Every structure is written in C-alpha cells, then in structure tokens.
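A.B. asks: Below are the structure tokens for one structure; questions will follow.
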Amino acid sequence: MNRAIPIGMLLSALAIGVAACGDDDDTASSGDTSGAPAGGTLTVYSSLPLQGAARPQTTDLVNGIKLALKQAGNKAGPFTIKYESKDDSSAQAGQWTAEQVSANARSAAQDDSVVAVIGEFNSGASAISIPILSEAKVPQISPANTAVGLTSDAPGADKGEPTKYYPSGYRNYVRIVPKDTIQGAALATIMKKDGCEKVAMANDKEVYGAGLARNIEIAAKAQSLNLAFNQGIDPKAANYRSVASRAKSQGADCFVYAGITSNNGVQIYKDFEAALPNAKLYGPDGVAEAAFFDPKEGGVPAKVAQKVKLTVATLSPDSYGEVGNKFFADYEKEYGEKNPNPYSIYGYEAMSLALDAIERSGTGTREDIVKALFATKDRESPLGTYSIDENGDTTLTDYGVYEIKDGEQVFLETVKADV
Amino acid sequence: MAAAGLPASTSGAVSSVRRFLAQNGLIGVLLIMPLAFAFHDLRTEGDLSRLGNNLVDGLSNGSIWALVAIGYTLVYGIVELINFAHGEVFMLGSFVSVSFFSTIGLTVATGIPGLVAGLLLTLLVTMFALGTLNTMIERVAYRPLRNAPKLAPLITAVGFSFILLNVGLLWRGGSQRSIPNLIDSQALLVSIAGVNITRGDLLAIAVTIPLVLGMTIFISRSRLGKAMRATAQDPDAARLMGINVDTTISATFMIGGLLAGAAGLIYALYQTTIWFFQGFTAGLIAFTAAVMGGIGNIRGAVLGGLIIGFIQQLSDNRIGSQWTPAVVFAYLVLIMVFKPSGLLGEQTREAG
C-alpha cells in the first residue's frame with residue numbers, strides 16, 4: 001500500500017502534465033484568432049471524418065470548401081475569413097467518434113472568433129454536435145446529413161426529435177442536402193420501378209441508418225412495395241449469412257441496406273448477394289464511397305458491385321447547369337481532378353453559403369449569421385436554385401441514381417421521389 | 001402425524017426436483033432454443049431444413065471460434081494467465097495469410113491444384129509466423145513476470161493486445177477490407193435434404209477437426225504434451241521432476257499461435273472480409289467460449305466455440321442480428337449459473 005501512493009501521485013501528476021500540454025496546443029492553434037469579431041477576422045471550422053472509409057469523400061469535400069474560400073479571396077463582405085479543418089474521426093474507429101465530435105464542437109463553441117461550423121458529415125455525429133453548438137448559438141451548416149429527425153418531426157423522425165437536439169430551443173442548424181424523407185422515397189421509387197416484389201432491408205441502427213430505414217418503410221407502404229423485414233444488425237458481427245438466409249426463405253428478390261460502409265457494409269452486401277444471387281441490391285449515400293464499391297480499396301467484388309444501385313443527393317455533372325459546370329471546371333483547374341467525388345460540390349456550396357450568410361449578416365455575429373442562413377431565399381448555387389425553410393432544410397429534392405462500373409460510380413438517372 | 005407427513009413429502013418432492021434440475025438443467029438450458037425452433041419449423045414449414053442450415057452455419061463459424069478459444073484455454077491452463085493479446089494474434093493471422101497469398105500470386109483465377117498447394121503453403125507459413133510471434137510475446141512480456149503478482153502479466157497482456165491492434169491498424173487501415181474470394185466461399189458444394197453445405201463450411205471443418213484431433217493426441221501422448229500437463233498441475237513439482245518449465249510454457253504459446261494462425265487463414269477465406277478490429281470481437285467470443293466450456297479444458301473450448309457458433313447463427317436467423325451478442329452472453333450467464341466451472345470445467349490450481 002505504501003508503495004502504491006507515490007505511484008498514484010506520479011500518475012496523477014503525469015495526467016495533469018498531459019492535460020496541460022493539451023491546453024497549450026489548443027491555445028497555440030487558435031490563439032492568433034481569439035477575440036476576432038471586433039478585429040474583422042472570423043473563423044469557419046469544418047468537422048468531418050478525415051480518416052476511415054469516408055476519407056476519399058471528405059478529402060474532396062474539404063477541397064471544395066477551400067476552393068470556395070479561395071475564390072472569395074478569403075473575404076466575406078468586410079470580414080477576413082480563416083478556415084480550419086477539424087477531424088471528427090479516429091484512426092482506431094475508422095469513422096466519426098462521439099468524443100472527437102464533441103471535442104470539436106466544444107472548441108468551436110469556446111472560440112469566440114468561430115462564426116460557422118461546416119459539419120458533421122454523419123447524421124449520428126450531428127446529433128451530438130448540434131446541442132453543443134446550439135447552446136453557444138454557433139451557426140452550423142451540414143454538407144451531408146440526411147436524417148429527418150435532425151430538423152423536423154416529419155415521418156421517419158424518432159420520438160423526441162428534433163427538440164432533443166436543441167435543448168435551449170435555439171435553431172442554429174441548416175443543411176444543403178435533401179433529408180431522408182426524399183432519399184427513402186427515392187429508394188422505394190426505383191425499387192418499385194425495377195420490379196421488386198419483396199424487399200429485405202437491413203439497417204445499422206445509427207441515427208442515419210435507422211432513420212433512413214424508417215423512411216424507406218414509410219415510402220414503401222405508400223407505394224405498396226412489399227417489405228420482407230427491416231433488420232437492425234450488429235456492425236461487429238463476423239458475417240450475416242443467417243440474416244441473408246432468412247431473406248431467402250422469405251422469398252426476397254431485392255435487398256437494401258440503410259447504413260454506412262464502416263458499419264460492415266461490405267460484408268452484408270456480399271452475404272446477401274451470395275444468398276440471393278438473382279436479387280437486385282440497393283444502397284443509400286452512406287455506402288456511395290470507394291471503400292464500398294471499389295475492390296482495389298477493399299470494397300465489394302465486381303460481381304456484387306454490378307448489381308448495386310445507389311442513391312446520392314448529387315446529380316450528373318451535366319445536370320448541374322451553368323453554375324455547376326463552372327464549379328467543375330474550376331475544381332479541375334485547382335486540383336487537376338476531372339471527376340471529383342460528388343461531395344466536393346457540397347463542400348464548395350457549404351462554404352459559399354457560409355460566406356454569403358456572413359456577408360448578409362452585416363455584423364458578423366453568430367446570431368445574425370444564423371438569421372441570415374435561415375433567410376436564404378432562391379440562392380443560385382452549383383446544386384441548383386434553392387431556399388432554406390423554417391426547419392433549416394433545403395428545398396432541393398432531386399436524387400441521382402448511380403450504378404457501379406469498373407469500380408467507379410456512374411450516373412444513371414435522376415429520380416423524382418414519389419413522396 | 002398425517003398432517004406432518006405432507007410438508008415432508010412436499011419438501012422431498014422439491015428436493016428431488018432440485019436435484020433433477022441441478023443434474024439436467026444445463027442440458028435443458030442448452031436445448032431450449034434449438035428445440036423451440038425445431039418445433040416451430042415442423043409446425044410452419046413441415047421440415048427441419050431451416051434449422052439444419054442454421055446448425056451447419058453455426059458449425060463452421062463455431063470451428064473458427066474454437067481454434068481461437070483453444071489458444072486462450074491452453075495458456076490459462078498452464079500459466080493461469082488470460083492472454084488478452086491472443087485475439088490480436090488471430091487478427092494478424094488473417095493479415096499475414098492474406099499478404100502471403102497475394103505475394104505468391106494466388107488470385108480467383110488460379111487453378112485448383114495451384115490454389116490447394118498455395119493455400120497449404122500459406123497455412124504453414126501463417127501458422128509458423130504466428131506461432132513464433134506468440135512465443136516471442138511470451139518471452140518478452142510474460143516470462144520476466146513469471147513470479148510477479150498476477151496483475152502484472154495481465155496488464156502486459158492488455159498492453160500487447162493494444163500494440164498488435166495498432167500494428168493491424170497501421171498495416172491495413174481502419175476499415176473493413178474485402179479480400180479476393182479465393183475459394184468462392186459461399187458456393188454451394190452439396191445440398192442434403194435442403195441443408196446447404198458451402199465450400200467455406202467444408203474448409204472450416206476440414207481444417208479444424210484434424211488440427212484439434214492432432215493437438216489433443218499430441219498433448220495426451222507426446223513427451224512435451226505430458227510435460228505441459230505436469231506443468232499445468234504443479235510447476236514446482238514438474239521442475240523437480242526435471243521438466244524444463246520455461247521451454248514447456250514457450251511450447252504452449254507456440255501451439256496457441258499456430259492455431260490462431262490457422263484460424264486467421266480460415267477466417268479470411270471464409271468471411272472474405274478482414275479488418276484490424278476482428279481480433280477484438282473474435283477474442284471476446286473465443287474467450288467466452290473458453291470460459292463456457294471450462295477454462296483450461298481443450299475439449300471444453302471446442303465445445304464452447306461450437307455452441308457459440310450455433311447460438312449466433314440461430315439468433316441471426318430467427319431473433320435478429322442486433323440481439324445476437326446479448327443472446328450469446330445470456331447463454332453464458334445461464335451456463336455459468338448452472339455450472340460455475342463451465343461445461344467440462346476442471347479444477348484449476350487456483351480453484352483448488
């Protein structure tokens with residue numbers, strides 16, 4: 001016992017030392033921007049999973065953000081804008097983690113110069129950061145969240161949503177992708193159109209996956225599409241053979257997974273393809289990434305990929321119109337990439353919207369920027385012309401259907417969701 | 001007198017029921033799920049093919065858990081250490097085997113003779129590599145702590161587990177990666193009365209059974225095996241009898257590593273997806289299997305692995321994948337309640 005005390009003291013001393021180092025780092029990175037609103041320099045954060053399966057998407061997304069800022073000359077009206085890209089994932093998890101998300105949100109909330117946060121990428125992550133940012137009245141723009149419950153209690157939202165995300169009642173969150181009411185309907189619409197008789201569905205139980213699954217259920221009912229089951233999965237299971245064989249015994253001829261790649265998306269598609277070799281396979285934007293469909297990146301084999309259709313809230317580069325085409329030309333000039341990931345355009349638009357709102361706010365304060373965001377009307381953007389409604393949702397509704405060819409995501413058609 | 005006889009006979013009945021439960025309750029517990037599902041299938045579908053398919057899938061999945069579980073149980077039996085790093089050794093088994101067969105150029109297009117020869121070579125190389133790794137871990141992290149308090153090697157084991165986990169993470173990144181489906185794992189081999197047996201099932205069972213049998217014979221017959229059992233019983237007495245305890249313990253870790261390597265290869269070929277975290281999940285399941293079967297007992301570990309395989313597939317198929325871990329651990333709790341030493345549990349040095 002006597003020996004244990006000094007060791008305990010040593011450990012706690014070490015812990016304090018480590019914490020102190022952490023503090024030093026924080027102040028070093030944000031020190032030159034503190035107290036900025038008066039001085040005219042404002043900061044915009046992004047909080048995105050820069051590691052794991054979503055990495056290719058978020059890399060292009062961040063490129064889009066940087067391009068928008070560069071084109072604006074780092075200015076929004078009279079303000080100079082500084083951008084910081086934060087990571088909400090850990091290498092261990094291979095995807096966003098609650099600790100990292102809340103750490104980013106807290107550092108944004110506590111740094112007075114931060115007047116907008118672009119993020120999160122995953123709906124489950126936003127469910128954690130919104131309450132923190134809402135409390136501090138930090139404007140938040142998500143370039144990718146689709147879960148219904150984040151903004152409204154429309155069908156598909158869970159009990160208590162969305163009020164539980166805004167404990168003080170202050171709405172600070174807008175998004176520029178259509179919510180899953182539309183993606184769910186889009187998936188049901190294409191499955192119906194492709195002649196699915198009985199659909200087996202699995203979801204990864206996250207805010208995004210479970211919510212989307214509910215939306216697909218609702219849309220399927222409305223379009224009298226027959227669902228065999230909606231099964232939550234254990235994302236750490238070794239395989240899903242017996243889940244798939246249940247679909248087989250129930251005569252399913254289509255399979256859809258509502259979830260993200262890093263929740264064992266690859267394995268579940270392989271197992272369902274093996275059990276139902278003639279079935280058509282469908283997936284949402286959560287699996288629209290190379291880690292899912294490119295065998296070179298560890299994705300499903302080509303045999304499986306060719307049966308998959310994906311819905312993403314991005315369209316073919318040709319369908320974006322003049323503003324959109326200019327974006328693709330600029331992007332290629334800047335980064336030398338002709339076919340960037342569709343999310344690059346959302347990154348670009350998220351930053352453009354943030355800059356626009358900061359300029360329109362006049363004062364550059366958090367609350368005025370939030371007001372300006374919600375007042376966005378008929379904004380012309382590379383995504384098309386849209387407004388932000390009273391819930392913070394975009395008025396855009398088009399979904400693109402993609403198929404996989406040679407490890408690439410290829411645009412197939414635009415689907416007008418039958419909501 | 002008559003009134004007094006009634007409670008006596010009731011208590012007699014109660015105690016005989018208790019005795020019956022104590023003797024047969026465990027078997028009852030184990031059979032609840034399969035019997036209920038068998039009854040349900042017969043009533044609704046008229047045959048038992050669905051249950052049969054569940055059991056075949058359970059058998060092949062369970063074989064892999066069994067191979068990993070043996071590693072836990074062997075080490076526990078001999079040094080009474082829960083080798084937490086074992087799951088990660090298994091994960092590295094998958095990584096080494098996949099890297100090796102990719103290096104020697106095995107692809108889905110390779111012909112059958114080349115594939116069989118290549119995979120056999122991969123199996124040997126992986127087993128040897130992981131056996132060596134496990135022995136080295138023992139030499140570096142456990143042997144110096146042989147006479148230290150029990151917690152010391154436990155914590156170095158946890159430490160090694162995290163080191164290897166991060167080696168895996170650096171090696172192949174943080175997400176699940178699909179690997180070439182060399183044996184077309186889910187291709188149907190034969191269908192007997194509606195029960196489908198796939199190539200993956202055959203591989204898992206065909207590699208596991210000889211390995212387990214070979215090892216059981218090795219431990220019961222060979223000189224080193226006898227030394228292992230002697231060391232497990234009483235290391236000091238074994239040393240007095242001229243047994244080199246350190247070599248014996250190294251050999252035990254070697255065998256555990258060999259089996260983990262084999263399991264790693266089978267897992268990779270069977271599931272066709274590998275990732276750095278697979279060892280954590282598999283380690284937890286295999287450790288559960290070892291405890292369920294009675295830690296320190298090899299047949300128990302195999303039995304535990306197979307039972308968990310069955311429960312997982314039954315639950316995936318009937319109850320729902322999201323509940324599977326809960327169902328597995330509920331079974332563990334029930335079994336422990338009825339038989340705290342595990343299904344085939346033996347007395348350990350610690351327990352007396």
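The chains in the structure tokens are called A, B, ... from first to last as shown; in each chain the residues are counted from 1, and the ligands are counted from 1 in the order shown.
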Check every residue of chain A for an atom within 6 Å of chain B, counting only C-alpha atoms, and provide those that qualify as a PyMOL selection string.
C.D. replies: chain A and resi 52-53+91+94+232-234+242-243+246+298-299
A.B. asks: Can you pull out every residue within 10 Å of Ile298 of chain B, counting only C-alpha atoms, but drop anything in the same chain fewer than 3 positions away, and send it as an MDAnalysis selection string?
C.D. replies: chainID B and resid 66:67 69:74 77 212 215:216 219 290 293:295 301:304 344:345
A.B. asks: Between B:Gln23, B:Asn134, B:Thr107, B:Ser16, which is the closest to Ala260 of chain B once you count only C-alpha atoms?
C.D. replies: B:Asn134
A.B. asks: Please, which residues of segment 91-330 of chain A, numbered as in this document, come out strand (DSSP E) from DSSP, as number ranges by chain?
C.D. replies: A: 95-96, 114-119, 140-142, 173-175, 198-203, 226-232, 254-258, 280-283, 308-312
A.B. asks: Could those residues be written to a file, using C-alpha atoms, as a PDB file, in the first residue's frame?
C.D. replies:
```
ATOM      1  CA  GLN A  95     -15.187   6.621 -38.615  1.00  0.00           C
ATOM      2  CA  TRP A  96     -16.535   9.502 -36.526  1.00  0.00           C
ATOM      3  CA  VAL A 114     -15.687  30.925 -34.789  1.00  0.00           C
ATOM      4  CA  VAL A 115     -18.831  32.083 -36.554  1.00  0.00           C
ATOM      5  CA  ALA A 116     -19.735  28.974 -38.549  1.00  0.00           C
ATOM      6  CA  VAL A 117     -19.133  25.234 -38.457  1.00  0.00           C
ATOM      7  CA  ILE A 118     -19.403  23.124 -41.582  1.00  0.00           C
ATOM      8  CA  GLY A 119     -20.380  19.635 -40.475  1.00  0.00           C
ATOM      9  CA  GLN A 140     -23.899  25.085 -38.353  1.00  0.00           C
ATOM     10  CA  ILE A 141     -24.171  24.003 -41.983  1.00  0.00           C
ATOM     11  CA  SER A 142     -24.129  20.314 -42.774  1.00  0.00           C
ATOM     12  CA  TYR A 173     -28.544  24.194 -37.916  1.00  0.00           C
ATOM     13  CA  VAL A 174     -29.197  24.174 -41.644  1.00  0.00           C
ATOM     14  CA  ARG A 175     -28.323  21.611 -44.294  1.00  0.00           C
ATOM     15  CA  LYS A 198     -40.329  -8.322 -51.856  1.00  0.00           C
ATOM     16  CA  VAL A 199     -37.573  -6.252 -50.288  1.00  0.00           C
ATOM     17  CA  ALA A 200     -35.311  -7.356 -47.449  1.00  0.00           C
ATOM     18  CA  MET A 201     -33.879  -4.406 -45.530  1.00  0.00           C
ATOM     19  CA  ALA A 202     -31.065  -4.156 -43.006  1.00  0.00           C
ATOM     20  CA  ASN A 203     -30.040  -1.068 -41.066  1.00  0.00           C
ATOM     21  CA  ASN A 226     -43.705  -5.247 -50.106  1.00  0.00           C
ATOM     22  CA  LEU A 227     -41.056  -5.353 -47.323  1.00  0.00           C
ATOM     23  CA  ALA A 228     -39.953  -8.770 -46.042  1.00  0.00           C
ATOM     24  CA  PHE A 229     -38.271  -7.331 -42.950  1.00  0.00           C
ATOM     25  CA  ASN A 230     -36.297  -4.413 -41.590  1.00  0.00           C
ATOM     26  CA  GLN A 231     -33.462  -5.908 -39.561  1.00  0.00           C
ATOM     27  CA  GLY A 232     -31.070  -3.977 -37.328  1.00  0.00           C
ATOM     28  CA  CYS A 254     -34.349  -7.185 -53.583  1.00  0.00           C
ATOM     29  CA  PHE A 255     -32.084  -6.050 -50.777  1.00  0.00           C
ATOM     30  CA  VAL A 256     -31.454  -2.590 -49.416  1.00  0.00           C
ATOM     31  CA  TYR A 257     -29.058  -1.607 -46.628  1.00  0.00           C
ATOM     32  CA  ALA A 258     -29.692   1.618 -44.733  1.00  0.00           C
ATOM     33  CA  LYS A 280     -31.170  -6.563 -57.092  1.00  0.00           C
ATOM     34  CA  LEU A 281     -29.206  -4.640 -54.494  1.00  0.00           C
ATOM     35  CA  TYR A 282     -29.736  -1.032 -53.431  1.00  0.00           C
ATOM     36  CA  GLY A 283     -27.906   1.375 -51.195  1.00  0.00           C
ATOM     37  CA  VAL A 308     -25.905  -2.396 -56.798  1.00  0.00           C
ATOM     38  CA  LYS A 309     -27.750   0.862 -57.424  1.00  0.00           C
ATOM     39  CA  LEU A 310     -27.015   3.805 -55.175  1.00  0.00           C
ATOM     40  CA  THR A 311     -28.955   6.969 -54.476  1.00  0.00           C
ATOM     41  CA  VAL A 312     -26.966  10.116 -53.780  1.00  0.00           C
TER      42      VAL A 312
END
```
A.B. asks: Work out how far apart atom CA of Lys377 of chain A and atom CA of Tyr170 of chain A are and give it in Å to one decimal.
C.D. replies: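 Going from atom CA of Lys377 of chain A over to atom CA of Tyr170 of chain A, I get 20.7 Å.
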A.B. asks: With distances taken over only C-alpha atoms, which residue among A:Phe121, A:Phe293, A:Phe327, A:Tyr335 lies nearest Asp60 of chain A?
C.D. replies: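 The answer is A:Tyr335, which sits nearest to Asp60 of chain A.
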A.B. asks: Go through A:Ile345, A:Ala313, A:Val101, A:Ala147 one by one, measure the shortest atom-to-atom distance of each to Val207 of chain A using only C-alpha atoms, and give the residue with the smallest value.
C.D. replies: A:Ala147
A.B. asks: Might you pull out every residue within 7 Å of Gly184 of chain A, with only C-alpha atoms counted and same-chain residues fewer than 4 positions away left off, and present them as a list in words?
C.D. replies: Asp180, Ala188, Leu212, Asn215, Ile216 and Ala219 of chain A
A.B. asks: Just to confirm, what's the straight-line distance from atom CA of Asn196 of chain B to atom CA of Leu48 of chain B in Å (one decimal)?
C.D. replies: 12.3 Å
A.B. asks: Any idea what the distance is between atom CA of Leu50 of chain A and atom CA of Asp285 of chain A?
C.D. replies: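 It comes out at 17.2 Å.
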A.B. asks: Segment 189-197 of chain A: which residues within 7 Å, counting only C-alpha atoms, same-chain residues fewer than 4 positions away excluded, as a PyMOL selection string?
C.D. replies: chain A and resi 185+225-226+253-254+417-418
A.B. asks: Would you list, as JSON, numbers by chain, the residues of segment 95-230 of chain B that end up in helix (DSSP H, G or I) under DSSP run on this structure's backbone?
C.D. replies: {"B": [95, 96, 97, 98, 99, 100, 101, 102, 103, 112, 113, 114, 115, 116, 117, 118, 119, 120, 121, 122, 123, 124, 125, 126, 127, 128, 129, 130, 131, 132, 133, 134, 135, 136, 137, 138, 139, 140, 141, 142, 143, 144, 145, 151, 152, 153, 154, 155, 156, 157, 158, 159, 160, 161, 162, 163, 164, 165, 166, 167, 168, 169, 170, 171, 172, 199, 200, 201, 202, 203, 204, 205, 206, 207, 208, 209, 210, 211, 212, 213, 214, 215, 216, 217, 218, 219, 220, 221, 223, 224, 225, 226, 227, 228, 229, 230]}
A.B. asks: Which residues are close to Ala350 of chain A, i.e. within 12 Å by only C-alpha atoms, leaving aside same-chain residues fewer than 6 positions away? Reply as an MDAnalysis selection string.
C.D. replies: chainID A and resid 44:46 61:69 116:121 139:144 174:177 343:344 356:357 373 381:383 394
A.B. asks: Need to verify the contact set: Val287 of chain A, 7 Å, only C-alpha atoms, exclusion of same-chain residues closer than 5 positions in sequence. Can you return it as number ranges by chain?
C.D. replies: A: 260-261, 292
A.B. asks: Based on the selection just made, write C-alpha atoms of those residues as an mmCIF file, in the first residue's frame.
C.D. replies:
```cif
data_model
loop_
_atom_site.group_PDB
_atom_site.id
_atom_site.type_symbol
_atom_site.label_atom_id
_atom_site.label_comp_id
_atom_site.auth_asym_id
_atom_site.auth_seq_id
_atom_site.Cartn_x
_atom_site.Cartn_y
_atom_site.Cartn_z
ATOM 1 C CA ILE A 260 -22.778 3.398 -43.728
ATOM 2 C CA THR A 261 -19.877 1.429 -45.183
ATOM 3 C CA PHE A 292 -17.640 0.165 -50.590
#
```
A.B. asks: Tell me, as a list in words, which residues lie within 9 Å of Phe272 of chain A, counting only C-alpha atoms; anything in the same chain fewer than 6 positions away does not count.
C.D. replies: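 Contacts, in chain order: Tyr240, Arg241, Val243, Ala244, Ser245, Ala247, Lys248, Phe255, Ala279 and Leu281 of chain A.
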